[in-house]
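*Asks:* I am attaching a structure below and will ask some questions about it afterwards.
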Amino acid sequence: MSDITQEKLLVVDDEAQIRKLLKRIFEQEGYICTAVESVQAAREALMEDTYDFLITDISMPAESGVEILRYAKEKFPQMGRIVISAKSEKELVEEILTVGVYGYILKPISKDAVLITLANARKHQLLDQHMRACVEEMSSEILQRNRDLDSLVSNIDLGVILVNKDREIIESNRFMKTYFPQLTGTQTFTCCDVIKKTKVNTDEENRCLLEQSLQDGQKRENQAFLESALGNKFFRIVTCPIIDEKGRVVSAIGLYEDQTEQRELEQELLNAQKFEAVGNLAAGIAHEVNTPIQFVGDNLIFIKESFEDITELLDKYEAVLAQVKKDGSLDDKLVEDLEERKEDIDLEYLLEELPQTFDQSEDGVKRVSKIVKAMKDFSHPGEEELKPCDINKMLDSTLTISKNSWKYVAELDLDYQQDLPMAPCFSGELSQAFLNVIVNAAHAIEDVTEGGVKGMGKIAIRSYHDNDHVIIKIKDSGGGIPEHVKDNIFNHFFTTKERGRGTGQGLSIAKRVVEELHKGSLSFETEQGVGTEFTFCLPVTEP
């Protein structure tokens with residue numbers, strides 16, 4: 001006999017002869033066997049000792065064997081269960097399925113049938129125990145993974161919420177509850193009850209992305225200012241639908257990233273780059289201002305000297321007039337002096353030149369005024385919200401302040417649509433984007449023409465309206481962008497220029513301004529030895 005036969009068996013049967021027969025069979029095989037006559041006695045035995053198998057009759061006077069099977073399954077699930085009955089298999093199926101047994105012994109009892117049933121039940125029991133252990137291990141692993149996931153979701157620097165089809169918030173993480181304390185209670189909220197947009201958002205930004213994802217089953221992404229317990233914050237929002245095996249949208253998840261600090265830093269970087277650009281252009285701007293100021297100054301000196309000469313001549317006329325009034329005659333000497341002085345100051349020349357001098361001076365003042373206004377527009381601090389802007393005027397102002405960077409190397413070819421619709425813009429930021437591209441165009445032409453020595457290049461700027469967008473194309477006749485750097489030109493701090501001529505921020509900032517702030521696009525086409533064309537595509541309606 002092997003060690004496995006030292007198992008303990010509990011036999012339950014109301015017939016004494018069956019109990020004795022089974023006890024003898026099992027003990028002969030080396031099992032430790034306890035036999036009792038009723039369900040109640042079996043309960044008491046199970047309370048006093050542990051058993052490997054319960055072998056019970058089904059039909060007994062007081063209580064059915066099914067009751068002890070259920071009791072054993074609930075209290076001692078690891079214990080094997082075998083049924084003894086005179087009923088056929090068909091009659092047993094319904095009852096044994098309700099409690100789960102490992103085998104059954106049909107009366108009349110035979111030793112071989114009993115031992116085979118027990119052996120099979122043991123295999124079933126071992127398999128069951130193995131399965132139970134696997135389930136427990138998997139449950140433990142799943143529980144641990146859930147804990148890890150909960151910990152990850154709770155500690156991640158992103159707000160996470162889960163909503164059902166009715167937009168009711170089912171789950172939210174700690175980050176989200178910090179910004180929206182309403183979620184810490186037991187009350188049920190919809191996402192729109194908790195997550196409220198501020199007034200500075202556009203209509204598109206104010207749309208509920210979770211609602212859209214629930215409706216169309218698509219991933220959504222946007223940026224918006226939200227009212228939170230920590231003040232108005234700027235969030236990047238991503239929503240994704242959760243779809244069941246039948247392809248139905250059953251819920252949606254929302255991710256909220258606080259980009260307030262990043263936005264402020266980017267704005268500071270943009271302002272710094274803007275003033276760096278102004279600083280780099282300062283000498284040229286000073287030259288552009290100095291030229292008209294200089295000839296206005298020269299004209300003022302000429303006007304002053306001419307005024308003194310004409311005043312002196314008028315004095316002589318006054319003297320002649322006074323003599324005529326007094327004596328009724330002219331002194332030949334006075335007349336001679338008058339004619340001589342008139343000839344000395346060249347009165348005809350003064351009368352011809354002074355009007356032109358005034359016109360030139362007025363033009364000079366206007367040129368200075370234009371430059372100052374362009375500088376004022378360009379240096380204006382960033383707006384809090386999009387405002388309708390005249391793109392053509394913005395381009396002219398940008399060309400004015402950048403004039404000294406291109407006027408010695410390129411001619412302008414401007415083709416503006418005169419009835420171009422106003423576009424909602426952050427004017428300061430967009431002007432910066434235009435400036436960066438125009439200055440880059442001038443540098444590209446300067447390299448090809450060797451500073452204008454080999455002739456003048458061309459910067460062509462075109463604006464037009466195409467459906468719901470305003471299109472601005474800025475094309476240069478430079479050398480084009482090399483193939484191996486085309487994929488990098490919008491990267492931060494990437495530049496092919498020598499030190500002191502470029503920081504590698506111009507095009508990356510232009511890209512962010514156009515695509516993130518204005519929800520437009522900035523692209524380019526280039527050909528080696530021919531030039532490069534940048535295309536700005538801006539929505540006419542608020543994005």
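Residue numbering restarts at 1 in every chain; chains get A, B, ... in the order shown in the structure tokens, and ligands count up from 1 in that same order.
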At a cut-off of 10 Å, using only C-alpha atoms, what residues contact segment 11-25 of chain A? Leave out same-chain residues fewer than 2 positions from it and give the result as a PyMOL selection string.
*Replies:* chain A and resi 9+27-42+53-62+65+68+82-85+107-112+114-115
*Asks:* For the residues in the current selection, export N, CA and C atoms as a short mmCIF file (atom, residue, chain, number, x, y, z; two decimals), in the first residue's frame.
*Replies:*
data_model
loop_
_atom_site.label_atom_id
_atom_site.label_comp_id
_atom_site.auth_asym_id
_atom_site.auth_seq_id
_atom_site.Cartn_x
_atom_site.Cartn_y
_atom_site.Cartn_z
N LEU A 9 -11.38 9.21 5.17
CA LEU A 9 -12.64 9.23 4.45
C LEU A 9 -13.80 9.30 5.43
N GLU A 27 -10.75 0.32 4.60
CA GLU A 27 -9.70 0.01 5.58
C GLU A 27 -8.78 -1.09 5.07
N GLN A 28 -9.35 -2.03 4.27
CA GLN A 28 -8.50 -3.06 3.69
C GLN A 28 -7.48 -2.44 2.73
N GLU A 29 -7.83 -1.34 2.13
CA GLU A 29 -6.92 -0.64 1.22
C GLU A 29 -6.02 0.35 1.94
N GLY A 30 -6.17 0.42 3.29
CA GLY A 30 -5.29 1.29 4.07
C GLY A 30 -5.81 2.68 4.35
N TYR A 31 -7.05 2.98 3.98
CA TYR A 31 -7.64 4.28 4.28
C TYR A 31 -8.08 4.33 5.73
N ILE A 32 -8.12 5.53 6.29
CA ILE A 32 -8.72 5.75 7.62
C ILE A 32 -10.15 6.17 7.37
N CYS A 33 -11.09 5.38 7.82
CA CYS A 33 -12.48 5.59 7.45
C CYS A 33 -13.37 5.76 8.67
N THR A 34 -14.21 6.80 8.63
CA THR A 34 -15.23 7.04 9.66
C THR A 34 -16.59 6.95 8.97
N ALA A 35 -17.51 6.15 9.55
CA ALA A 35 -18.83 5.97 8.94
C ALA A 35 -19.91 6.46 9.90
N VAL A 36 -20.84 7.29 9.41
CA VAL A 36 -21.93 7.81 10.24
C VAL A 36 -23.24 7.58 9.49
N GLU A 37 -24.37 7.67 10.27
CA GLU A 37 -25.66 7.24 9.72
C GLU A 37 -26.53 8.40 9.24
N SER A 38 -26.17 9.65 9.48
CA SER A 38 -27.06 10.76 9.11
C SER A 38 -26.27 12.01 8.74
N VAL A 39 -27.00 12.94 8.12
CA VAL A 39 -26.40 14.22 7.74
C VAL A 39 -25.94 14.99 8.96
N GLN A 40 -26.74 14.96 10.03
CA GLN A 40 -26.38 15.68 11.24
C GLN A 40 -25.11 15.12 11.85
N ALA A 41 -25.02 13.77 11.88
CA ALA A 41 -23.80 13.13 12.41
C ALA A 41 -22.60 13.50 11.55
N ALA A 42 -22.81 13.61 10.26
CA ALA A 42 -21.71 13.98 9.36
C ALA A 42 -21.23 15.40 9.65
N PHE A 53 -12.03 12.98 1.79
CA PHE A 53 -13.19 12.72 0.95
C PHE A 53 -14.44 12.54 1.79
N LEU A 54 -15.56 13.02 1.23
CA LEU A 54 -16.88 12.76 1.80
C LEU A 54 -17.61 11.85 0.81
N ILE A 55 -18.09 10.68 1.33
CA ILE A 55 -18.80 9.72 0.49
C ILE A 55 -20.18 9.56 1.11
N THR A 56 -21.22 10.05 0.43
CA THR A 56 -22.53 10.10 1.07
C THR A 56 -23.63 9.56 0.16
N ASP A 57 -24.61 8.94 0.84
CA ASP A 57 -25.83 8.52 0.15
C ASP A 57 -26.68 9.77 -0.10
N ILE A 58 -27.53 9.70 -1.12
CA ILE A 58 -28.40 10.83 -1.43
C ILE A 58 -29.72 10.71 -0.68
N SER A 59 -30.33 9.57 -0.78
CA SER A 59 -31.67 9.39 -0.19
C SER A 59 -31.55 8.83 1.21
N MET A 60 -31.82 9.71 2.22
CA MET A 60 -31.79 9.30 3.63
C MET A 60 -33.01 9.88 4.32
N PRO A 61 -33.47 9.27 5.43
CA PRO A 61 -34.76 9.63 6.05
C PRO A 61 -34.87 11.10 6.49
N ALA A 62 -33.95 11.57 7.25
CA ALA A 62 -34.09 12.91 7.84
C ALA A 62 -33.76 14.00 6.82
N GLY A 65 -28.74 13.65 1.29
CA GLY A 65 -27.29 13.77 1.21
C GLY A 65 -26.84 15.02 0.47
N ILE A 68 -25.62 17.69 2.95
CA ILE A 68 -24.27 17.59 3.48
C ILE A 68 -23.24 17.90 2.40
N ILE A 82 -18.15 12.43 -3.09
CA ILE A 82 -18.61 11.28 -3.90
C ILE A 82 -20.03 10.92 -3.46
N VAL A 83 -20.87 10.59 -4.42
CA VAL A 83 -22.27 10.27 -4.15
C VAL A 83 -22.49 8.74 -4.21
N ILE A 84 -23.30 8.22 -3.23
CA ILE A 84 -23.76 6.82 -3.26
C ILE A 84 -25.26 6.86 -3.51
N SER A 85 -25.73 6.12 -4.50
CA SER A 85 -27.17 6.14 -4.76
C SER A 85 -27.59 4.93 -5.57
N LYS A 107 -25.56 1.66 -6.27
CA LYS A 107 -25.89 0.44 -5.56
C LYS A 107 -26.48 -0.56 -6.56
N PRO A 108 -26.31 -1.89 -6.39
CA PRO A 108 -25.50 -2.55 -5.36
C PRO A 108 -24.02 -2.26 -5.53
N ILE A 109 -23.33 -2.22 -4.41
CA ILE A 109 -21.93 -1.80 -4.36
C ILE A 109 -21.00 -2.97 -4.66
N SER A 110 -20.00 -2.69 -5.47
CA SER A 110 -18.93 -3.68 -5.70
C SER A 110 -17.61 -3.01 -5.34
N LYS A 111 -16.66 -3.81 -4.84
CA LYS A 111 -15.38 -3.28 -4.39
C LYS A 111 -14.64 -2.57 -5.51
N ASP A 112 -14.60 -3.21 -6.70
CA ASP A 112 -13.86 -2.62 -7.81
C ASP A 112 -14.44 -1.26 -8.20
N VAL A 114 -16.13 0.74 -6.34
CA VAL A 114 -15.86 1.73 -5.29
C VAL A 114 -14.45 2.27 -5.39
N LEU A 115 -13.47 1.37 -5.58
CA LEU A 115 -12.08 1.80 -5.60
C LEU A 115 -11.75 2.60 -6.88
#
*Asks:* Between atom CA of Ile243 of chain A and atom CA of Leu214 of chain A, what distance in Å does the model show, to one decimal?
*Replies:*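 Value for the atom CA of Ile243 of chain A-atom CA of Leu214 of chain A distance: 9.7 Å.
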*Asks:* Can you list every residue in segment 404-481 of chain A that DSSP puts in alpha helix (DSSP H), as a list in words?
*Replies:*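 These are the residues in question: Asn404, Ser405, Trp406, Ser427, Gly428, Glu429, Leu430, Ser431, Gln432, Ala433, Phe434, Leu435, Asn436, Val437, Ile438, Val439, Asn440, Ala441, Ala442, His443, Ala444, Ile445, Glu446, Asp447, Val448 and Thr449 of chain A.
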*Asks:* Go ahead and save the residues from that selection, with N, CA and C atoms, as a PDB file, in the first residue's frame.
*Replies:*
ATOM      1  N   ASN A 404      15.981  96.162 -43.354  1.00  0.00           N
ATOM      2  CA  ASN A 404      17.435  96.213 -43.478  1.00  0.00           C
ATOM      3  C   ASN A 404      18.062  94.837 -43.654  1.00  0.00           C
ATOM      4  N   SER A 405      17.289  93.765 -43.340  1.00  0.00           N
ATOM      5  CA  SER A 405      17.828  92.412 -43.496  1.00  0.00           C
ATOM      6  C   SER A 405      17.706  91.911 -44.932  1.00  0.00           C
ATOM      7  N   TRP A 406      16.764  92.517 -45.714  1.00  0.00           N
ATOM      8  CA  TRP A 406      16.575  92.029 -47.085  1.00  0.00           C
ATOM      9  C   TRP A 406      16.831  93.065 -48.193  1.00  0.00           C
ATOM     10  N   SER A 427      -1.949  88.441 -32.811  1.00  0.00           N
ATOM     11  CA  SER A 427      -1.200  89.251 -33.777  1.00  0.00           C
ATOM     12  C   SER A 427       0.301  89.274 -33.504  1.00  0.00           C
ATOM     13  N   GLY A 428       0.690  89.452 -32.239  1.00  0.00           N
ATOM     14  CA  GLY A 428       2.115  89.521 -31.917  1.00  0.00           C
ATOM     15  C   GLY A 428       2.829  88.230 -32.258  1.00  0.00           C
ATOM     16  N   GLU A 429       2.213  87.111 -31.906  1.00  0.00           N
ATOM     17  CA  GLU A 429       2.834  85.813 -32.144  1.00  0.00           C
ATOM     18  C   GLU A 429       2.928  85.501 -33.638  1.00  0.00           C
ATOM     19  N   LEU A 430       1.847  85.815 -34.381  1.00  0.00           N
ATOM     20  CA  LEU A 430       1.864  85.522 -35.817  1.00  0.00           C
ATOM     21  C   LEU A 430       2.862  86.416 -36.547  1.00  0.00           C
ATOM     22  N   SER A 431       2.960  87.680 -36.132  1.00  0.00           N
ATOM     23  CA  SER A 431       3.969  88.572 -36.723  1.00  0.00           C
ATOM     24  C   SER A 431       5.363  88.010 -36.515  1.00  0.00           C
ATOM     25  N   GLN A 432       5.590  87.432 -35.338  1.00  0.00           N
ATOM     26  CA  GLN A 432       6.882  86.813 -35.045  1.00  0.00           C
ATOM     27  C   GLN A 432       7.154  85.657 -36.007  1.00  0.00           C
ATOM     28  N   ALA A 433       6.119  84.855 -36.262  1.00  0.00           N
ATOM     29  CA  ALA A 433       6.285  83.725 -37.185  1.00  0.00           C
ATOM     30  C   ALA A 433       6.634  84.221 -38.585  1.00  0.00           C
ATOM     31  N   PHE A 434       5.929  85.266 -39.061  1.00  0.00           N
ATOM     32  CA  PHE A 434       6.230  85.839 -40.375  1.00  0.00           C
ATOM     33  C   PHE A 434       7.668  86.366 -40.412  1.00  0.00           C
ATOM     34  N   LEU A 435       8.051  87.080 -39.357  1.00  0.00           N
ATOM     35  CA  LEU A 435       9.397  87.663 -39.302  1.00  0.00           C
ATOM     36  C   LEU A 435      10.462  86.575 -39.401  1.00  0.00           C
ATOM     37  N   ASN A 436      10.277  85.489 -38.642  1.00  0.00           N
ATOM     38  CA  ASN A 436      11.269  84.420 -38.641  1.00  0.00           C
ATOM     39  C   ASN A 436      11.468  83.847 -40.038  1.00  0.00           C
ATOM     40  N   VAL A 437      10.375  83.651 -40.767  1.00  0.00           N
ATOM     41  CA  VAL A 437      10.474  83.078 -42.111  1.00  0.00           C
ATOM     42  C   VAL A 437      11.085  84.085 -43.084  1.00  0.00           C
ATOM     43  N   ILE A 438      10.691  85.357 -42.983  1.00  0.00           N
ATOM     44  CA  ILE A 438      11.220  86.382 -43.892  1.00  0.00           C
ATOM     45  C   ILE A 438      12.719  86.589 -43.673  1.00  0.00           C
ATOM     46  N   VAL A 439      13.154  86.652 -42.420  1.00  0.00           N
ATOM     47  CA  VAL A 439      14.584  86.821 -42.127  1.00  0.00           C
ATOM     48  C   VAL A 439      15.370  85.608 -42.619  1.00  0.00           C
ATOM     49  N   ASN A 440      14.814  84.400 -42.429  1.00  0.00           N
ATOM     50  CA  ASN A 440      15.474  83.205 -42.952  1.00  0.00           C
ATOM     51  C   ASN A 440      15.604  83.273 -44.472  1.00  0.00           C
ATOM     52  N   ALA A 441      14.548  83.783 -45.138  1.00  0.00           N
ATOM     53  CA  ALA A 441      14.586  83.924 -46.599  1.00  0.00           C
ATOM     54  C   ALA A 441      15.704  84.880 -47.011  1.00  0.00           C
ATOM     55  N   ALA A 442      15.807  86.008 -46.287  1.00  0.00           N
ATOM     56  CA  ALA A 442      16.852  86.991 -46.589  1.00  0.00           C
ATOM     57  C   ALA A 442      18.237  86.382 -46.406  1.00  0.00           C
ATOM     58  N   HIS A 443      18.416  85.604 -45.330  1.00  0.00           N
ATOM     59  CA  HIS A 443      19.720  84.971 -45.087  1.00  0.00           C
ATOM     60  C   HIS A 443      20.056  83.969 -46.184  1.00  0.00           C
ATOM     61  N   ALA A 444      19.028  83.204 -46.626  1.00  0.00           N
ATOM     62  CA  ALA A 444      19.272  82.217 -47.682  1.00  0.00           C
ATOM     63  C   ALA A 444      19.707  82.893 -48.973  1.00  0.00           C
ATOM     64  N   ILE A 445      19.066  84.020 -49.317  1.00  0.00           N
ATOM     65  CA  ILE A 445      19.428  84.754 -50.530  1.00  0.00           C
ATOM     66  C   ILE A 445      20.802  85.401 -50.383  1.00  0.00           C
ATOM     67  N   GLU A 446      21.064  85.913 -49.177  1.00  0.00           N
ATOM     68  CA  GLU A 446      22.359  86.541 -48.919  1.00  0.00           C
ATOM     69  C   GLU A 446      23.501  85.558 -49.144  1.00  0.00           C
ATOM     70  N   ASP A 447      23.300  84.291 -48.711  1.00  0.00           N
ATOM     71  CA  ASP A 447      24.342  83.277 -48.894  1.00  0.00           C
ATOM     72  C   ASP A 447      24.590  83.000 -50.373  1.00  0.00           C
ATOM     73  N   VAL A 448      23.501  82.946 -51.149  1.00  0.00           N
ATOM     74  CA  VAL A 448      23.625  82.627 -52.578  1.00  0.00           C
ATOM     75  C   VAL A 448      24.221  83.792 -53.361  1.00  0.00           C
ATOM     76  N   THR A 449      23.802  85.020 -53.021  1.00  0.00           N
ATOM     77  CA  THR A 449      24.251  86.202 -53.784  1.00  0.00           C
ATOM     78  C   THR A 449      25.522  86.823 -53.220  1.00  0.00           C
TER      79      THR A 449
END
*Asks:* Based on the backbone DSSP call, show me all residues of segment 391-504 of chain A assigned strand (DSSP E or B), as an NGL selection string.
*Replies:* :A and (410-416 or 423-425 or 457-466 or 469-476)
*Asks:* Let's have the selection written as a CSV table (one decimal), in the first residue's frame, with N, CA and C atoms.
*Replies:*
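File again.csv, as written:
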chain,number,residue,atom,x,y,z
A,410,ALA,N,17.7,91.4,-51.8
A,410,ALA,CA,16.5,90.9,-52.4
A,410,ALA,C,15.5,92.0,-52.8
A,411,GLU,N,14.8,91.8,-53.9
A,411,GLU,CA,13.7,92.6,-54.2
A,411,GLU,C,12.4,91.9,-53.8
A,412,LEU,N,11.4,92.7,-53.5
A,412,LEU,CA,10.1,92.2,-53.1
A,412,LEU,C,9.1,92.0,-54.2
A,413,ASP,N,8.4,90.9,-54.2
A,413,ASP,CA,7.3,90.7,-55.2
A,413,ASP,C,6.0,90.4,-54.4
A,414,LEU,N,5.2,91.4,-54.2
A,414,LEU,CA,4.1,91.3,-53.3
A,414,LEU,C,2.8,91.1,-54.1
A,415,ASP,N,2.0,90.1,-53.8
A,415,ASP,CA,0.8,89.9,-54.5
A,415,ASP,C,-0.3,89.6,-53.4
A,416,TYR,N,-0.9,90.6,-52.9
A,416,TYR,CA,-1.9,90.5,-51.8
A,416,TYR,C,-3.3,90.5,-52.4
A,423,ALA,N,-8.7,87.4,-40.3
A,423,ALA,CA,-8.5,86.1,-39.7
A,423,ALA,C,-8.3,86.2,-38.2
A,424,PRO,N,-8.9,85.3,-37.4
A,424,PRO,CA,-8.7,85.4,-35.9
A,424,PRO,C,-7.2,85.0,-35.6
A,425,CYS,N,-6.5,85.9,-34.9
A,425,CYS,CA,-5.1,85.7,-34.7
A,425,CYS,C,-4.6,86.2,-33.4
A,457,GLY,N,18.4,88.9,-55.3
A,457,GLY,CA,17.4,87.8,-55.3
A,457,GLY,C,16.0,88.3,-55.2
A,458,LYS,N,15.1,87.4,-54.9
A,458,LYS,CA,13.7,87.8,-54.8
A,458,LYS,C,13.0,87.1,-53.6
A,459,ILE,N,12.2,87.9,-52.9
A,459,ILE,CA,11.3,87.3,-51.9
A,459,ILE,C,9.9,87.6,-52.4
A,460,ALA,N,9.1,86.6,-52.7
A,460,ALA,CA,7.8,86.7,-53.2
A,460,ALA,C,6.8,86.4,-52.1
A,461,ILE,N,5.9,87.3,-51.8
A,461,ILE,CA,4.9,87.0,-50.8
A,461,ILE,C,3.5,87.2,-51.4
A,462,ARG,N,2.7,86.1,-51.2
A,462,ARG,CA,1.4,86.1,-51.8
A,462,ARG,C,0.3,85.8,-50.7
A,463,SER,N,-0.8,86.4,-50.7
A,463,SER,CA,-1.9,86.1,-49.8
A,463,SER,C,-3.2,85.9,-50.5
A,464,TYR,N,-4.0,84.9,-50.2
A,464,TYR,CA,-5.2,84.7,-50.8
A,464,TYR,C,-6.2,83.9,-49.9
A,465,HIS,N,-7.4,83.9,-50.3
A,465,HIS,CA,-8.5,83.2,-49.5
A,465,HIS,C,-8.8,81.9,-50.2
A,466,ASP,N,-8.8,80.8,-49.5
A,466,ASP,CA,-9.1,79.5,-50.1
A,466,ASP,C,-10.1,78.8,-49.2
A,469,HIS,N,-10.0,79.1,-45.3
A,469,HIS,CA,-8.6,79.5,-44.8
A,469,HIS,C,-8.0,80.7,-45.5
A,470,VAL,N,-7.2,81.4,-44.9
A,470,VAL,CA,-6.3,82.4,-45.5
A,470,VAL,C,-4.9,81.7,-45.7
A,471,ILE,N,-4.4,81.8,-46.9
A,471,ILE,CA,-3.2,81.2,-47.3
A,471,ILE,C,-2.1,82.3,-47.5
A,472,ILE,N,-1.0,82.2,-46.9
A,472,ILE,CA,0.2,83.1,-47.1
A,472,ILE,C,1.3,82.3,-47.5
A,473,LYS,N,1.9,82.6,-48.7
A,473,LYS,CA,3.1,81.9,-49.2
A,473,LYS,C,4.3,82.9,-49.2
A,474,ILE,N,5.4,82.5,-48.7
A,474,ILE,CA,6.6,83.3,-48.6
A,474,ILE,C,7.7,82.5,-49.3
A,475,LYS,N,8.1,83.0,-50.5
A,475,LYS,CA,9.0,82.2,-51.3
A,475,LYS,C,10.3,83.0,-51.5
A,476,ASP,N,11.5,82.3,-51.4
A,476,ASP,CA,12.7,83.0,-51.6
A,476,ASP,C,13.5,82.3,-52.8
*Asks:* For Phe235 of chain A, find every residue with an atom within 7 Å (counting only C-alpha atoms), except residues of its own chain fewer than 5 positions away, and show them as a count of residues only.
*Replies:* 9
*Asks:* Set the distance at 7 Å and use only C-alpha atoms: which residues neighbour segment 158-162 of chain A once local chain neighbours fewer than 5 positions away are removed? I'd like the list as a list of chain:residue names.
*Replies:* A:Ile169, A:Ile170, A:Glu171, A:Ser172, A:Asn173, A:Phe175, A:Met176, A:Ala252, A:Ile253, A:Gly254, A:Leu255, A:Tyr256, A:Glu257
*Asks:* Restricting it to C-alpha atoms, dump the selection as a short mmCIF file (atom, residue, chain, number, x, y, z; two decimals), in the first residue's frame.
*Replies:*
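Written out: result.cif:
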data_model
loop_
_atom_site.label_atom_id
_atom_site.label_comp_id
_atom_site.auth_asym_id
_atom_site.auth_seq_id
_atom_site.Cartn_x
_atom_site.Cartn_y
_atom_site.Cartn_z
CA ILE A 169 -18.03 59.96 -13.94
CA ILE A 170 -17.37 56.39 -12.81
CA GLU A 171 -13.72 56.68 -11.75
CA SER A 172 -11.17 59.46 -11.28
CA ASN A 173 -7.61 59.54 -9.99
CA PHE A 175 -4.60 64.20 -9.65
CA MET A 176 -8.10 64.90 -10.95
CA ALA A 252 -14.88 56.85 -22.53
CA ILE A 253 -11.68 57.83 -20.77
CA GLY A 254 -10.34 61.37 -20.49
CA LEU A 255 -6.74 62.43 -19.84
CA TYR A 256 -6.05 65.95 -18.56
CA GLU A 257 -2.51 67.38 -18.56
#
*Asks:* Rank A:Val513, A:Ile237, A:Val368, A:Leu350 by their smallest atom-to-atom distance to Gln294 of chain A, using only C-alpha atoms, and report the top residue only.
*Replies:*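 Between A:Val513, A:Ile237, A:Val368, A:Leu350, the residue approaching Gln294 of chain A most closely is A:Val368.
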*Asks:* Mind pulling up the distance from atom CA of Pro241 of chain A to atom CA of Glu515 of chain A?
*Replies:*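 Computing it gives 25.1 Å between the two atoms.
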*Asks:* Quick one: residues within 12 Å of Leu313 of chain A, only C-alpha atoms counted, chain neighbours fewer than 5 positions away excluded, as JSON, numbers by chain?
*Replies:* {"A": [306, 307, 308, 318, 319, 320, 334, 335, 337, 338, 339, 340, 341, 342, 343, 344, 345, 346, 347]}
*Asks:* Pull C-alpha atoms from the residues just selected and write them as a PDB file, in the first residue's frame.
*Replies:*
ATOM      1  CA  SER A 306      15.866 130.145 -46.353  1.00  0.00           C
ATOM      2  CA  PHE A 307      13.524 131.706 -43.799  1.00  0.00           C
ATOM      3  CA  GLU A 308      16.321 133.989 -42.581  1.00  0.00           C
ATOM      4  CA  GLU A 318       9.474 147.029 -45.855  1.00  0.00           C
ATOM      5  CA  ALA A 319      12.108 149.801 -46.014  1.00  0.00           C
ATOM      6  CA  VAL A 320      11.235 150.606 -49.665  1.00  0.00           C
ATOM      7  CA  LEU A 334      17.244 151.165 -51.680  1.00  0.00           C
ATOM      8  CA  VAL A 335      15.926 149.654 -54.883  1.00  0.00           C
ATOM      9  CA  ASP A 337      20.038 146.997 -52.485  1.00  0.00           C
ATOM     10  CA  LEU A 338      16.715 145.198 -52.759  1.00  0.00           C
ATOM     11  CA  GLU A 339      17.497 143.798 -56.208  1.00  0.00           C
ATOM     12  CA  GLU A 340      20.981 142.820 -55.109  1.00  0.00           C
ATOM     13  CA  ARG A 341      19.691 140.939 -52.052  1.00  0.00           C
ATOM     14  CA  LYS A 342      16.992 139.216 -54.075  1.00  0.00           C
ATOM     15  CA  GLU A 343      19.661 137.983 -56.451  1.00  0.00           C
ATOM     16  CA  ASP A 344      21.969 136.901 -53.589  1.00  0.00           C
ATOM     17  CA  ILE A 345      19.404 134.660 -51.956  1.00  0.00           C
ATOM     18  CA  ASP A 346      18.131 133.351 -55.325  1.00  0.00           C
ATOM     19  CA  LEU A 347      14.481 133.874 -54.441  1.00  0.00           C
TER      20      LEU A 347
END
